[in-house]
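As provided, model29.cif (mmCIF, C-alpha atoms, pLDDT in the B column; chains and numbers go by the auth columns) reads as follows.
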data_start
#
loop_
_atom_site.group_PDB
_atom_site.id
_atom_site.type_symbol
_atom_site.label_atom_id
_atom_site.label_comp_id
_atom_site.label_asym_id
_atom_site.label_seq_id
_atom_site.Cartn_x
_atom_site.Cartn_y
_atom_site.Cartn_z
_atom_site.B_iso_or_equiv
_atom_site.auth_seq_id
_atom_site.auth_asym_id
ATOM 1 C CA MET A 1 -3.694 33.753 44.083 76.00 1 D
ATOM 2 C CA GLY A 2 -3.025 30.205 45.170 72.00 2 D
ATOM 3 C CA GLU A 3 -2.998 29.096 48.795 71.00 3 D
ATOM 4 C CA THR A 4 0.678 29.865 49.445 72.00 4 D
ATOM 5 C CA ALA A 5 1.848 31.757 46.336 73.00 5 D
ATOM 6 C CA PRO A 6 0.460 33.367 43.200 77.00 6 D
ATOM 7 C CA HIS A 7 -0.639 31.084 40.398 75.00 7 D
ATOM 8 C CA PRO A 8 2.088 30.688 37.769 72.00 8 D
ATOM 9 C CA ILE A 9 3.127 34.070 36.429 78.00 9 D
ATOM 10 C CA GLU A 10 4.389 34.338 32.894 74.00 10 D
ATOM 11 C CA ASP A 11 7.522 36.497 32.884 78.00 11 D
ATOM 12 C CA PRO A 12 7.521 37.311 36.623 81.00 12 D
ATOM 13 C CA LEU A 13 10.332 39.834 36.199 81.00 13 D
ATOM 14 C CA ASN A 14 7.957 42.135 34.272 84.00 14 D
ATOM 15 C CA VAL A 15 4.691 41.355 36.054 87.00 15 D
ATOM 16 C CA ASN A 16 4.391 44.740 37.768 86.00 16 D
ATOM 17 C CA LYS A 17 4.989 46.579 34.488 89.00 17 D
ATOM 18 C CA ARG A 18 2.135 44.585 32.917 88.00 18 D
ATOM 19 C CA ARG A 19 -0.074 45.241 35.957 86.00 19 D
ATOM 20 C CA ILE A 20 0.411 49.009 35.522 87.00 20 D
ATOM 21 C CA GLU A 21 -0.407 48.736 31.805 87.00 21 D
ATOM 22 C CA LEU A 22 -3.686 47.026 32.800 84.00 22 D
ATOM 23 C CA GLY A 23 -4.485 49.790 35.279 84.00 23 D
ATOM 24 C CA LEU A 24 -3.675 47.716 38.370 80.00 24 D
ATOM 25 C CA LEU A 25 -1.668 50.162 40.425 79.00 25 D
ATOM 26 C CA GLU A 26 -0.521 47.971 43.298 84.00 26 D
ATOM 27 C CA PRO A 27 2.475 45.676 42.687 86.00 27 D
ATOM 28 C CA VAL A 28 1.909 41.922 42.806 87.00 28 D
ATOM 29 C CA GLU A 29 3.740 41.784 46.147 87.00 29 D
ATOM 30 C CA VAL A 30 1.111 44.076 47.716 86.00 30 D
ATOM 31 C CA TYR A 31 -1.745 42.197 46.069 85.00 31 D
ATOM 32 C CA ALA A 32 -0.358 38.911 47.414 85.00 32 D
ATOM 33 C CA LEU A 33 -0.029 40.385 50.905 86.00 33 D
ATOM 34 C CA TYR A 34 -3.692 41.447 50.716 83.00 34 D
ATOM 35 C CA HIS A 35 -4.441 37.721 50.257 82.00 35 D
ATOM 36 C CA GLY A 36 -2.233 36.776 53.214 85.00 36 D
ATOM 37 C CA ILE A 37 0.675 35.589 51.062 83.00 37 D
ATOM 38 C CA GLU A 38 4.222 36.886 51.332 84.00 38 D
ATOM 39 C CA TYR A 39 5.635 36.986 47.821 81.00 39 D
ATOM 40 C CA ASP A 40 8.800 38.462 46.366 81.00 40 D
ATOM 41 C CA ILE A 41 9.478 38.586 42.659 80.00 41 D
ATOM 42 C CA PRO A 42 12.278 36.108 42.043 76.00 42 D
ATOM 43 C CA GLU A 43 15.686 37.146 40.753 77.00 43 D
ATOM 44 C CA THR A 44 16.555 36.366 37.130 75.00 44 D
ATOM 45 C CA GLU A 45 18.586 33.262 38.011 77.00 45 D
ATOM 46 C CA ASP A 46 15.853 31.964 40.334 73.00 46 D
ATOM 47 C CA VAL A 47 13.311 32.230 37.502 70.00 47 D
ATOM 48 C CA LYS A 48 15.517 30.105 35.250 77.00 48 D
ATOM 49 C CA VAL A 49 16.018 27.471 37.943 80.00 49 D
ATOM 50 C CA VAL A 50 12.282 27.234 38.717 76.00 50 D
ATOM 51 C CA TYR A 51 11.434 27.083 35.021 78.00 51 D
ATOM 52 C CA LEU A 52 13.927 24.292 34.375 83.00 52 D
ATOM 53 C CA GLN A 53 12.714 22.340 37.423 83.00 53 D
ATOM 54 C CA ALA A 54 9.071 22.676 36.366 84.00 54 D
ATOM 55 C CA GLN A 55 9.915 21.487 32.856 86.00 55 D
ATOM 56 C CA SER A 56 11.920 18.560 34.251 90.00 56 D
ATOM 57 C CA ASP A 57 9.063 17.575 36.564 89.00 57 D
ATOM 58 C CA ASN A 58 6.624 17.779 33.656 89.00 58 D
ATOM 59 C CA LYS A 59 8.805 15.444 31.565 92.00 59 D
ATOM 60 C CA LYS A 60 9.005 12.982 34.465 92.00 60 D
ATOM 61 C CA PHE A 61 5.214 13.164 34.797 91.00 61 D
ATOM 62 C CA GLU A 62 4.825 12.325 31.101 91.00 62 D
ATOM 63 C CA ALA A 63 7.231 9.387 31.379 92.00 63 D
ATOM 64 C CA PHE A 64 5.456 7.915 34.406 91.00 64 D
ATOM 65 C CA ALA A 65 1.993 8.553 32.937 89.00 65 D
ATOM 66 C CA ASN A 66 2.982 6.792 29.713 88.00 66 D
ATOM 67 C CA ARG A 67 4.101 3.783 31.759 88.00 67 D
ATOM 68 C CA LYS A 68 0.879 3.948 33.863 88.00 68 D
ATOM 69 C CA ILE A 69 2.849 4.449 37.100 89.00 69 D
ATOM 70 C CA VAL A 70 0.070 6.468 38.672 89.00 70 D
ATOM 71 C CA ASP A 71 1.458 7.592 42.043 89.00 71 D
ATOM 72 C CA SER A 72 4.709 8.866 40.535 91.00 72 D
ATOM 73 C CA ALA A 73 2.879 10.592 37.674 89.00 73 D
ATOM 74 C CA ASN A 74 0.586 12.350 40.164 86.00 74 D
ATOM 75 C CA ALA A 75 3.536 13.414 42.319 88.00 75 D
ATOM 76 C CA TYR A 76 5.501 14.926 39.444 88.00 76 D
ATOM 77 C CA ILE A 77 2.623 16.866 37.913 87.00 77 D
ATOM 78 C CA ARG A 78 1.835 18.267 41.374 83.00 78 D
ATOM 79 C CA ARG A 79 5.479 19.327 41.731 82.00 79 D
ATOM 80 C CA ALA A 80 5.495 20.900 38.265 82.00 80 D
ATOM 81 C CA ILE A 81 2.392 22.920 39.046 78.00 81 D
ATOM 82 C CA LYS A 82 3.393 23.884 42.595 71.00 82 D
ATOM 83 C CA SER A 83 6.839 25.057 41.508 62.00 83 D
ATOM 84 C CA TYR A 84 5.124 28.038 39.817 56.00 84 D
ATOM 85 C CA GLY A 85 7.412 27.546 36.884 59.00 85 D
ATOM 86 C CA ASP A 86 6.319 28.435 33.418 65.00 86 D
ATOM 87 C CA ILE A 87 4.163 25.418 32.647 75.00 87 D
ATOM 88 C CA SER A 88 2.285 26.355 29.494 81.00 88 D
ATOM 89 C CA ASN A 89 -1.433 25.944 29.042 84.00 89 D
ATOM 90 C CA GLU A 90 -0.764 23.307 26.377 88.00 90 D
ATOM 91 C CA GLN A 91 1.418 21.345 28.819 88.00 91 D
ATOM 92 C CA LEU A 92 -1.311 21.591 31.439 88.00 92 D
ATOM 93 C CA TYR A 93 -3.908 20.378 28.941 92.00 93 D
ATOM 94 C CA GLN A 94 -1.732 17.413 27.948 91.00 94 D
ATOM 95 C CA ALA A 95 -1.280 16.618 31.647 91.00 95 D
ATOM 96 C CA ALA A 96 -5.073 16.719 32.158 92.00 96 D
ATOM 97 C CA VAL A 97 -5.564 14.320 29.235 90.00 97 D
ATOM 98 C CA GLY A 98 -2.868 11.978 30.544 89.00 98 D
ATOM 99 C CA LEU A 99 -4.244 12.010 34.080 89.00 99 D
ATOM 100 C CA ALA A 100 -7.795 11.351 32.878 88.00 100 D
ATOM 101 C CA GLN A 101 -6.633 8.246 31.038 85.00 101 D
ATOM 102 C CA LEU A 102 -4.955 6.676 34.076 85.00 102 D
ATOM 103 C CA ASN A 103 -8.320 5.504 35.471 82.00 103 D
ATOM 104 C CA ASN A 104 -7.313 6.438 38.992 85.00 104 D
ATOM 105 C CA LYS A 105 -9.507 8.525 41.315 86.00 105 D
ATOM 106 C CA ARG A 106 -6.711 10.887 42.421 86.00 106 D
ATOM 107 C CA SER A 107 -5.524 11.335 38.837 88.00 107 D
ATOM 108 C CA GLU A 108 -9.057 12.096 37.660 89.00 108 D
ATOM 109 C CA GLN A 109 -9.504 14.700 40.411 87.00 109 D
ATOM 110 C CA MET A 110 -6.182 16.323 39.436 87.00 110 D
ATOM 111 C CA SER A 111 -7.284 16.324 35.784 91.00 111 D
ATOM 112 C CA LEU A 112 -10.491 18.141 36.730 91.00 112 D
ATOM 113 C CA LYS A 113 -8.538 20.718 38.741 86.00 113 D
ATOM 114 C CA ILE A 114 -6.253 21.377 35.778 89.00 114 D
ATOM 115 C CA LEU A 115 -9.227 21.813 33.440 91.00 115 D
ATOM 116 C CA LYS A 116 -10.693 24.370 35.837 88.00 116 D
ATOM 117 C CA VAL A 117 -7.389 26.263 35.860 83.00 117 D
ATOM 118 C CA LEU A 118 -7.324 26.324 32.050 86.00 118 D
ATOM 119 C CA ILE A 119 -10.837 27.754 31.964 87.00 119 D
ATOM 120 C CA TRP A 120 -9.991 30.272 34.675 82.00 120 D
ATOM 121 C CA ARG A 121 -6.893 31.333 32.692 78.00 121 D
ATOM 122 C CA GLU A 122 -9.158 31.748 29.639 82.00 122 D
ATOM 123 C CA TRP A 123 -6.950 29.469 27.555 86.00 123 D
ATOM 124 C CA ASP A 124 -7.556 30.236 23.876 88.00 124 D
ATOM 125 C CA PHE A 125 -8.337 26.613 22.980 92.00 125 D
ATOM 126 C CA ARG A 126 -10.623 25.836 25.921 92.00 126 D
ATOM 127 C CA PHE A 127 -13.828 25.703 23.879 92.00 127 D
ATOM 128 C CA GLU A 128 -12.534 23.333 21.231 91.00 128 D
ATOM 129 C CA ARG A 129 -10.416 21.052 23.417 92.00 129 D
ATOM 130 C CA ILE A 130 -12.194 20.792 26.775 91.00 130 D
ATOM 131 C CA ASN A 131 -15.246 18.827 25.779 85.00 131 D
ATOM 132 C CA PRO A 132 -17.099 15.694 26.848 83.00 132 D
ATOM 133 C CA LYS A 133 -15.682 13.642 23.948 81.00 133 D
ATOM 134 C CA SER A 134 -12.116 14.237 25.123 80.00 134 D
ATOM 135 C CA PHE A 135 -12.864 13.429 28.757 87.00 135 D
ATOM 136 C CA LYS A 136 -15.501 10.674 28.652 83.00 136 D
ATOM 137 C CA ASN A 137 -14.284 8.931 31.798 80.00 137 D
ATOM 138 C CA LEU A 138 -14.518 12.185 33.815 84.00 138 D
ATOM 139 C CA GLN A 139 -18.169 12.823 33.066 77.00 139 D
ATOM 140 C CA ASN A 140 -19.330 10.709 36.007 78.00 140 D
ATOM 141 C CA GLU A 141 -17.124 12.657 38.420 70.00 141 D
ATOM 142 C CA ASN A 142 -18.629 15.345 40.659 76.00 142 D
ATOM 143 C CA GLY A 143 -16.194 17.934 39.326 80.00 143 D
ATOM 144 C CA TRP A 144 -17.256 17.517 35.689 89.00 144 D
ATOM 145 C CA LEU A 145 -20.466 19.478 36.273 89.00 145 D
ATOM 146 C CA GLU A 146 -18.376 22.310 37.689 89.00 146 D
ATOM 147 C CA VAL A 147 -16.148 22.209 34.586 91.00 147 D
ATOM 148 C CA GLU A 148 -19.236 22.457 32.366 90.00 148 D
ATOM 149 C CA ASN A 149 -20.611 25.351 34.422 90.00 149 D
ATOM 150 C CA LEU A 150 -17.300 27.209 34.216 90.00 150 D
ATOM 151 C CA MET A 151 -17.207 26.643 30.454 91.00 151 D
ATOM 152 C CA SER A 152 -20.724 28.025 30.143 92.00 152 D
ATOM 153 C CA LEU A 153 -19.826 31.133 32.173 90.00 153 D
ATOM 154 C CA SER A 154 -16.656 31.556 30.131 88.00 154 D
ATOM 155 C CA LYS A 155 -18.660 31.472 26.879 89.00 155 D
ATOM 156 C CA GLN A 156 -21.025 34.125 28.240 88.00 156 D
ATOM 157 C CA ARG A 157 -18.103 36.435 29.081 78.00 157 D
ATOM 158 C CA LYS A 158 -16.510 36.009 25.655 67.00 158 D
#
The structure given in the file should be rewritten as structure tokens.
Amino acid sequence: MGETAPHPIEDPLNVNKRRIELGLLEPVEVYALYHGIEYDIPETEDVKVVYLQAQSDNKKFEAFANRKIVDSANAYIRRAIKSYGDISNEQLYQAAVGLAQLNNKRSEQMSLKILKVLIWREWDFRFERINPKSFKNLQNENGWLEVENLMSLSKQRK
């Protein structure tokens, strides 16, 4: 759960069916309420709109990041993530790489947060792509140690 909504849910229309298959008997709405969040599964059209908006915001992020317009890039990646649209793990990884290269404190902090999310989601490529060589300029940041610790814990669970 996020602070005000669940983290992005792949295929939200079928989330409760998947929860039952995993042995989680309460629907996501009840689980969210347990965490103090009111959540309703969106209607089919709402899912499409949110998905398209998240993808649009991600493209705007990429355009601004490529032009090194830091504040706008940060704003659009935040919007893409907060929209709870279907931003793929690969898109999140590319955003983390782009943010890390902007040499901006806020962008670096956002990059670290995204890396933590990818580890938490148990992204299939986390071990080969989240490494010190790829994120040299983040290694002096306080959050990098936390990323390394999460990676270590993730390897132990695998």
If we count all atoms listed in the file, what is near stretch 10-26 of chain D at a cut-off of 12 Å, once residues fewer than 6 positions away on the same chain are taken out, given as a ChimeraX atom specification?
/D:32-34,39-48,50-51,84-89,121
Determine, counting all atoms listed in the file, which protein, DNA and RNA residues have an atom within 9 Å of an atom of D:Ile37; residues of the same chain fewer than 3 positions away are not included. Present the result as an MDAnalysis selection string.
chainID D and resid 1:6 29 31:34
Using the chain letters and numbers from the file, give me the residues hit by the PyMOL selection byres ((chain D and resi 101-113) around 10), as an NGL selection string.
:D and (65-71 or 73-75 or 77-78 or 92-100 or 114-118 or 135-138 or 141-144 or 146-147)
Distance in Å - atom CA of D:Phe64 versus atom CA of D:Leu145
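Computing the Euclidean distance for atom CA of D:Phe64 and atom CA of D:Leu145 yields 28.4 Å.
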re atom CA of D:Asn58 and atom CA of D:Ala80: distance 5.7 Å
If you measure from atom CA of D:Gln156 to atom CA of D:Arg126, what distance in Å do you get, rounded to one decimal?
13.5 Å
Given all atoms listed in the file as the counted atoms, nearest of D:Val30, D:Val49, D:Glu62, D:Trp123 to D:Glu90
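Among D:Val30, D:Val49, D:Glu62, D:Trp123, it is D:Trp123 that comes nearest to D:Glu90.
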